[in-house]
file model_2.txt (compact mmCIF, C-alpha atoms)
# COMPACT_ATOMS: atom_id res chain seq x y z
CA MET Q 3 57.90 -16.85 118.30
CA ARG Q 4 54.54 -17.00 120.06
CA LEU Q 5 51.34 -15.70 118.47
CA LEU Q 6 47.74 -15.16 119.56
CA VAL Q 7 44.91 -15.71 117.07
CA ALA Q 8 41.71 -14.00 118.23
CA GLU Q 9 39.01 -15.35 115.90
CA ASP Q 10 35.49 -16.56 116.68
CA GLU Q 11 34.89 -18.61 113.51
CA PRO Q 12 36.04 -22.12 114.55
CA LEU Q 13 37.01 -23.27 111.04
CA LEU Q 14 39.01 -20.14 110.25
CA ALA Q 15 40.66 -20.16 113.68
CA SER Q 16 41.67 -23.79 113.15
CA GLN Q 17 43.04 -23.02 109.67
CA LEU Q 18 45.02 -20.03 110.94
CA LYS Q 19 46.44 -22.01 113.85
CA ALA Q 20 47.49 -24.90 111.58
CA ALA Q 21 49.04 -22.62 108.95
CA LEU Q 22 51.02 -20.58 111.47
CA GLU Q 23 52.17 -23.64 113.42
CA SER Q 24 53.38 -25.22 110.16
CA ALA Q 25 55.52 -22.10 109.71
CA GLY Q 26 57.22 -22.75 113.08
CA TYR Q 27 55.23 -20.45 115.36
CA VAL Q 28 53.61 -21.31 118.68
CA VAL Q 29 49.93 -20.35 118.53
CA ASP Q 30 47.28 -19.73 121.20
CA VAL Q 31 43.63 -19.09 120.24
CA ALA Q 32 40.96 -16.85 121.76
CA ALA Q 33 37.35 -17.22 120.57
CA ASP Q 34 35.84 -14.04 122.03
CA GLY Q 35 36.75 -10.50 123.02
CA PRO Q 36 37.05 -10.92 126.81
CA ASP Q 37 39.34 -13.95 126.41
CA ALA Q 38 41.46 -12.11 123.81
CA LEU Q 39 41.74 -9.10 126.11
CA HIS Q 40 42.81 -11.26 129.05
CA GLN Q 41 45.36 -13.29 127.11
CA GLY Q 42 46.82 -10.22 125.45
CA LEU Q 43 47.28 -8.54 128.82
CA SER Q 44 48.66 -11.56 130.66
CA GLU Q 45 50.87 -13.29 128.06
CA PRO Q 46 53.96 -11.90 126.26
CA TYR Q 47 52.99 -12.51 122.63
CA ASP Q 48 55.24 -11.59 119.73
CA LEU Q 49 52.25 -10.82 117.49
CA VAL Q 50 48.44 -10.95 117.54
CA VAL Q 51 46.06 -11.72 114.68
CA LEU Q 52 42.87 -9.97 115.79
CA ASP Q 53 39.40 -10.26 114.24
CA LEU Q 54 37.39 -7.06 114.64
CA GLY Q 55 34.06 -8.90 114.87
CA LEU Q 56 34.65 -10.78 118.12
CA PRO Q 57 31.65 -11.59 120.35
CA GLY Q 58 31.49 -10.27 123.89
CA ARG Q 59 33.80 -7.36 123.14
CA ASP Q 60 34.72 -6.14 119.68
CA GLY Q 61 38.28 -6.22 118.40
CA LEU Q 62 38.72 -2.45 118.29
CA SER Q 63 37.77 -2.17 121.96
CA VAL Q 64 40.21 -4.98 122.82
CA LEU Q 65 42.99 -3.33 120.83
CA ARG Q 66 42.41 0.06 122.46
CA ALA Q 67 42.53 -1.55 125.91
CA TRP Q 68 45.84 -3.24 125.07
CA ARG Q 69 47.38 -0.01 123.87
CA GLU Q 70 46.06 1.99 126.83
CA SER Q 71 47.70 -0.56 129.16
CA GLY Q 72 51.02 -0.10 127.37
CA ARG Q 73 51.03 -3.32 125.36
CA GLN Q 74 53.03 -2.68 122.18
CA VAL Q 75 52.70 -6.13 120.59
CA PRO Q 76 52.31 -5.96 116.78
CA VAL Q 77 48.67 -6.48 115.78
CA LEU Q 78 47.32 -7.62 112.42
CA ILE Q 79 43.58 -7.01 112.30
CA LEU Q 80 41.10 -9.08 110.29
CA THR Q 81 37.81 -7.62 109.14
CA ALA Q 82 34.95 -8.90 107.01
CA ARG Q 83 33.93 -5.33 106.34
CA ASP Q 84 35.51 -4.03 103.14
CA ASN Q 85 35.10 -0.49 104.36
CA TRP Q 86 37.88 2.06 104.56
CA HIS Q 87 36.32 3.57 107.69
CA ASP Q 88 36.91 0.33 109.60
CA LYS Q 89 40.49 0.13 108.34
CA VAL Q 90 41.20 3.69 109.41
CA ALA Q 91 39.60 3.06 112.81
CA GLY Q 92 41.78 -0.02 113.26
CA ILE Q 93 44.99 1.79 112.39
CA ASP Q 94 44.02 4.71 114.64
CA ALA Q 95 43.35 2.27 117.50
CA GLY Q 96 46.92 1.00 117.23
CA ALA Q 97 46.85 -1.79 114.63
CA ASP Q 98 50.02 -2.33 112.61
CA ASP Q 99 48.41 -3.90 109.53
CA TYR Q 100 45.08 -5.29 108.33
CA LEU Q 101 43.56 -7.92 106.05
CA THR Q 102 40.03 -7.98 104.68
CA LYS Q 103 38.24 -11.33 104.60
CA PRO Q 104 38.39 -13.47 102.54
CA PHE Q 105 42.17 -13.64 102.17
CA HIS Q 106 44.84 -16.12 101.16
CA LEU Q 107 46.72 -17.78 104.01
CA GLU Q 108 49.98 -17.13 102.14
CA GLU Q 109 49.33 -13.39 102.27
CA LEU Q 110 48.57 -13.52 105.99
CA GLN Q 111 51.78 -15.45 106.63
CA ALA Q 112 53.77 -12.91 104.60
CA ARG Q 113 52.29 -10.03 106.60
CA VAL Q 114 53.01 -11.83 109.87
CA ARG Q 115 56.64 -12.33 108.83
CA ALA Q 116 56.96 -8.67 107.85
CA LEU Q 117 55.50 -7.43 111.16
CA LEU Q 118 57.76 -9.70 113.20
CA ARG Q 119 60.84 -8.57 111.25
CA ARG Q 120 59.86 -4.94 111.70
CA ALA Q 121 59.35 -5.43 115.45
CA GLY Q 122 62.82 -6.97 115.68
CA GLY Q 123 64.44 -4.22 113.63
CA HIS Q 124 65.09 -6.46 110.62
CA ALA Q 125 64.31 -5.25 107.09
CA SER Q 126 65.27 -8.38 105.16
CA PRO Q 127 63.43 -11.73 105.25
CA GLU Q 128 66.87 -13.32 105.66
CA ILE Q 129 68.54 -12.65 109.02
CA ARG Q 130 72.23 -13.40 109.44
CA CYS Q 131 74.46 -13.91 112.43
CA GLY Q 132 77.95 -14.94 111.38
CA PRO Q 133 77.65 -18.29 109.55
CA LEU Q 134 73.98 -18.66 110.56
CA LEU Q 135 71.10 -17.67 108.29
CA LEU Q 136 67.44 -17.55 109.33
CA ASP Q 137 65.20 -17.69 106.26
CA THR Q 138 61.88 -16.41 107.60
CA ARG Q 139 60.06 -17.17 104.33
CA GLN Q 140 60.91 -20.87 104.48
CA SER Q 141 61.04 -21.16 108.29
CA ARG Q 142 64.47 -22.75 108.22
CA LEU Q 143 67.94 -22.16 109.60
CA LEU Q 144 71.16 -22.70 107.67
CA LEU Q 145 74.79 -22.99 108.76
CA ASP Q 146 77.26 -22.01 106.03
CA ASP Q 147 74.34 -22.31 103.57
CA VAL Q 148 73.58 -25.89 104.65
CA PRO Q 149 70.16 -26.51 106.28
CA LEU Q 150 70.36 -27.41 109.96
CA GLU Q 151 68.55 -30.50 111.20
CA LEU Q 152 66.65 -29.19 114.21
CA THR Q 153 63.72 -30.33 116.33
CA SER Q 154 60.76 -27.95 116.49
CA HIS Q 155 61.81 -26.65 119.92
CA GLU Q 156 65.47 -26.27 118.90
CA TYR Q 157 64.31 -24.27 115.89
CA ARG Q 158 62.12 -22.01 118.01
CA VAL Q 159 64.89 -21.33 120.51
CA LEU Q 160 67.50 -20.54 117.86
CA ALA Q 161 65.08 -18.51 115.72
CA TYR Q 162 64.10 -16.42 118.77
CA LEU Q 163 67.75 -15.80 119.61
CA MET Q 164 68.39 -14.87 115.96
CA MET Q 165 65.53 -12.35 116.01
CA HIS Q 166 67.02 -10.86 119.21
CA GLN Q 167 70.71 -11.31 118.47
CA GLY Q 168 72.99 -9.14 120.54
CA GLU Q 169 70.42 -9.04 123.34
CA VAL Q 170 70.51 -11.02 126.58
CA VAL Q 171 67.51 -13.37 126.62
CA SER Q 172 66.55 -15.02 129.91
CA ARG Q 173 65.47 -18.64 130.28
CA SER Q 174 62.01 -17.54 131.42
CA GLN Q 175 61.71 -15.32 128.35
CA LEU Q 176 62.54 -18.25 126.09
CA VAL Q 177 60.02 -20.45 127.91
CA GLU Q 178 57.30 -17.83 127.42
CA HIS Q 179 57.99 -17.51 123.70
CA ILE Q 180 58.52 -21.12 122.58
CA TYR Q 181 55.69 -22.87 124.42
CA ALA Q 182 51.93 -22.51 123.97
CA GLN Q 183 49.83 -21.46 126.94
CA ASP Q 184 48.50 -24.96 127.62
CA PHE Q 185 51.92 -26.65 127.37
CA ASP Q 186 53.57 -28.10 130.47
CA ARG Q 187 56.46 -25.66 130.64
CA ASP Q 188 59.79 -26.49 132.25
CA SER Q 189 62.53 -23.86 132.18
CA ASN Q 190 65.16 -26.53 132.80
CA THR Q 191 64.61 -27.88 129.31
CA ILE Q 192 66.00 -24.62 127.89
CA GLU Q 193 69.46 -25.66 129.06
CA VAL Q 194 69.01 -28.95 127.20
CA PHE Q 195 68.03 -27.16 123.98
CA ILE Q 196 70.96 -24.75 124.30
CA ALA Q 197 73.38 -27.65 124.82
CA ARG Q 198 72.02 -29.43 121.75
CA LEU Q 199 72.28 -26.28 119.65
CA ARG Q 200 75.90 -25.73 120.70
CA ARG Q 201 76.67 -29.16 119.29
CA LYS Q 202 75.09 -28.24 115.95
CA ILE Q 203 76.48 -24.72 115.46
CA PRO Q 204 79.75 -23.05 116.50
CA SER Q 205 79.34 -23.11 120.28
CA GLU Q 206 80.84 -19.65 120.78
CA LEU Q 207 77.86 -18.07 118.98
CA ILE Q 208 75.61 -18.72 121.99
CA GLN Q 209 77.11 -17.01 125.01
CA THR Q 210 75.98 -17.64 128.58
CA VAL Q 211 75.56 -14.44 130.56
CA ARG Q 212 75.85 -15.66 134.11
CA GLY Q 213 72.72 -15.08 136.16
CA LEU Q 214 70.89 -13.46 133.26
CA GLY Q 215 70.51 -15.82 130.32
CA TYR Q 216 71.93 -16.24 126.83
CA ARG Q 217 73.07 -14.00 124.01
CA LEU Q 218 73.53 -14.93 120.36
CA ASP Q 219 76.31 -12.89 118.82
CA ALA Q 220 78.68 -13.41 115.89
CA VAL Q 221 81.36 -11.46 117.77
CA PRO Q 222 82.05 -13.00 121.22
CA ALA Q 223 82.18 -10.54 124.09
CA PRO Q 224 85.75 -9.79 125.31
call {"tool": "encode", "arguments": {"input": "model_2.txt", "output": "structure tokens"}}
result
Amino acid sequence: MRLLVAEDEPLLASQLKAALESAGYVVDVAADGPDALHQGLSEPYDLVVLDLGLPGRDGLSVLRAWRESGRQVPVLILTARDNWHDKVAGIDAGADDYLTKPFHLEELQARVRALLRRAGGHASPEIRCGPLLLDTRQSRLLLDDVPLELTSHEYRVLAYLMMHQGEVVSRSQLVEHIYAQDFDRDSNTIEVFIARLRRKIPSELIQTVRGLGYRLDAVPAP
């Protein structure tokens, strides 16, 4: 899952990026409003952590522009203003949740997990697909209750397929959601990751939909 952190305080932005990356997410950072607006419009993020006090263009203005353009990405707003008016304004502008600074990183991570589950239609922090279990709290995947030994990219691919199980996911979609913006992306590596995963889990769980992509499903298509 790929996230955007729009935060102008360098130390906090660095802490957020490190904490979210340690949880298995791919994280891009924007340090001002115009950059956040551009990245949010041009990149397919799974979630955005958005500071309201961005320089150049405030967070509420950026959020409104995203929503007016049709972007429905979940947004968690951050505000240093402990004022209910700002919280209401953020929710009315299209935010999905908010945190008031200062906050604990553990709470932010929990809210991120909840928003991502909600966006994927999952109520529980544990997502199952046949013998596979994705524990979103611990950022780990298990097969028959035994933890899988996966590389970071293998984890991201399988976790994304788990969050979208039953759906056909294209190679380009996987590339966009498992690599950061500044990473040298190569869609051919997706086939390598899929091949490796099929050796670590029951291969029939990951189905190839010719010409379209891959689908993770506990019940193989007839």
call {"tool": "closest_residue", "arguments": {"input": "model_2.txt", "among": "Q:Ile129, Q:Leu135, Q:Leu199, Q:Ile208", "to": "Val170 (chain Q)", "atoms": "only C-alpha atoms"}}
result
Q:Ile208
call {"tool": "residues_around", "arguments": {"input": "model_2.txt", "residues": "Thr138 (chain Q)", "least_positions_apart": "3", "cutoff": "12 Å", "atoms": "all atoms listed in the file", "output": "number ranges by chain"}}
result
Q: 3, 25-27, 111-119, 124-130, 135, 141-144, 157-158, 161-162, 164-165
call {"tool": "closest_residue", "arguments": {"input": "model_2.txt", "among": "Q:Gln140, Q:Glu151, Q:Tyr216, Q:Leu160", "to": "Ser172 (chain Q)", "atoms": "all atoms listed in the file"}}
result
Q:Tyr216
call {"tool": "axis_aligned_box", "arguments": {"input": "model_2.txt", "around": "region 192-199 of chain Q", "padding_each_side": "3 Å", "output": "AutoDock Vina command-line options"}}
result
--center_x 69.7 --center_y -27.0 --center_z 124.4 --size_x 13.4 --size_y 10.8 --size_z 15.4
call {"tool": "residues_around", "arguments": {"input": "model_2.txt", "residues": "Asp94 (chain Q)", "least_positions_apart": "2", "cutoff": "12 Å", "atoms": "all atoms listed in the file", "output": "ChimeraX atom specification"}}
result
/Q:62-63,65-66,69,79,87-92,96-100
call {"tool": "atom_distance", "arguments": {"input": "model_2.txt", "atom1": "CA of Ala95 (chain Q)", "atom2": "CA of Ala21 (chain Q)"}}
result
26.9 Å
call {"tool": "residues_around", "arguments": {"input": "model_2.txt", "residues": "Thr191 (chain Q)", "least_positions_apart": "4", "cutoff": "12 Å", "atoms": "only C-alpha atoms", "output": "PyMOL selection string"}}
result
chain Q and resi 155-156+159+173-174+176-177+180-181+186-187+195-198
call {"tool": "atom_distance", "arguments": {"input": "model_2.txt", "atom1": "CA of Lys103 (chain Q)", "atom2": "CA of Ala15 (chain Q)"}}
result
12.9 Å
call {"tool": "atom_distance", "arguments": {"input": "model_2.txt", "atom1": "CA of Arg139 (chain Q)", "atom2": "CA of Glu108 (chain Q)"}}
result
10.3 Å
call {"tool": "closest_residue", "arguments": {"input": "model_2.txt", "among": "Q:Leu214, Q:Ala33, Q:His40, Q:Val194", "to": "Pro12 (chain Q)", "atoms": "all atoms listed in the file"}}
result
Q:Ala33
call {"tool": "closest_residue", "arguments": {"input": "model_2.txt", "among": "Q:Asn190, Q:Thr81, Q:Ser24, Q:Gln74", "to": "Glu9 (chain Q)", "atoms": "only C-alpha atoms"}}
result
Q:Thr81
call {"tool": "closest_residue", "arguments": {"input": "model_2.txt", "among": "Q:Arg217, Q:Arg212, Q:Lys202, Q:His179", "to": "Leu145 (chain Q)", "atoms": "all atoms listed in the file"}}
result
Q:Lys202
call {"tool": "decode", "arguments": {"input": "model_2.txt", "residues": "region 147-167 of chain Q", "atoms": "N, CA and C atoms", "output": "short mmCIF file (atom, residue, chain, number, x, y, z; two decimals), in the first residue's frame"}}
result
data_model
loop_
_atom_site.label_atom_id
_atom_site.label_comp_id
_atom_site.auth_asym_id
_atom_site.auth_seq_id
_atom_site.Cartn_x
_atom_site.Cartn_y
_atom_site.Cartn_z
N ASP Q 147 -1.60 -20.32 9.82
CA ASP Q 147 -1.18 -19.79 11.13
C ASP Q 147 0.33 -19.80 11.34
N VAL Q 148 1.09 -20.04 10.30
CA VAL Q 148 2.55 -19.99 10.38
C VAL Q 148 3.05 -18.76 9.61
N PRO Q 149 3.84 -17.88 10.24
CA PRO Q 149 4.32 -16.68 9.55
C PRO Q 149 5.10 -17.02 8.28
N LEU Q 150 4.80 -16.29 7.21
CA LEU Q 150 5.50 -16.46 5.95
C LEU Q 150 6.78 -15.64 5.94
N GLU Q 151 7.84 -16.22 5.42
CA GLU Q 151 9.10 -15.50 5.24
C GLU Q 151 9.06 -14.82 3.87
N LEU Q 152 8.87 -13.50 3.89
CA LEU Q 152 8.72 -12.75 2.65
C LEU Q 152 9.69 -11.58 2.62
N THR Q 153 10.14 -11.21 1.40
CA THR Q 153 10.89 -9.97 1.25
C THR Q 153 9.89 -8.82 1.35
N SER Q 154 10.41 -7.60 1.48
CA SER Q 154 9.52 -6.44 1.62
C SER Q 154 8.61 -6.30 0.40
N HIS Q 155 9.15 -6.52 -0.81
CA HIS Q 155 8.33 -6.38 -2.01
C HIS Q 155 7.33 -7.53 -2.15
N GLU Q 156 7.73 -8.74 -1.77
CA GLU Q 156 6.78 -9.86 -1.80
C GLU Q 156 5.63 -9.59 -0.84
N TYR Q 157 5.96 -9.05 0.33
CA TYR Q 157 4.91 -8.73 1.31
C TYR Q 157 3.95 -7.68 0.73
N ARG Q 158 4.49 -6.65 0.12
CA ARG Q 158 3.64 -5.58 -0.40
C ARG Q 158 2.72 -6.09 -1.51
N VAL Q 159 3.26 -6.93 -2.38
CA VAL Q 159 2.43 -7.49 -3.46
C VAL Q 159 1.31 -8.35 -2.88
N LEU Q 160 1.65 -9.27 -1.99
CA LEU Q 160 0.63 -10.17 -1.45
C LEU Q 160 -0.36 -9.44 -0.56
N ALA Q 161 0.11 -8.47 0.23
CA ALA Q 161 -0.80 -7.69 1.07
C ALA Q 161 -1.78 -6.90 0.21
N TYR Q 162 -1.29 -6.32 -0.90
CA TYR Q 162 -2.18 -5.56 -1.78
C TYR Q 162 -3.23 -6.47 -2.41
N LEU Q 163 -2.80 -7.66 -2.84
CA LEU Q 163 -3.76 -8.61 -3.40
C LEU Q 163 -4.76 -9.07 -2.34
N MET Q 164 -4.31 -9.23 -1.10
CA MET Q 164 -5.21 -9.61 -0.02
C MET Q 164 -6.25 -8.53 0.22
N MET Q 165 -5.82 -7.26 0.22
CA MET Q 165 -6.75 -6.15 0.44
C MET Q 165 -7.75 -6.02 -0.71
N HIS Q 166 -7.40 -6.58 -1.89
CA HIS Q 166 -8.28 -6.48 -3.06
C HIS Q 166 -8.63 -7.87 -3.58
N GLN Q 167 -8.74 -8.83 -2.68
CA GLN Q 167 -9.02 -10.19 -3.10
C GLN Q 167 -10.36 -10.28 -3.84
#
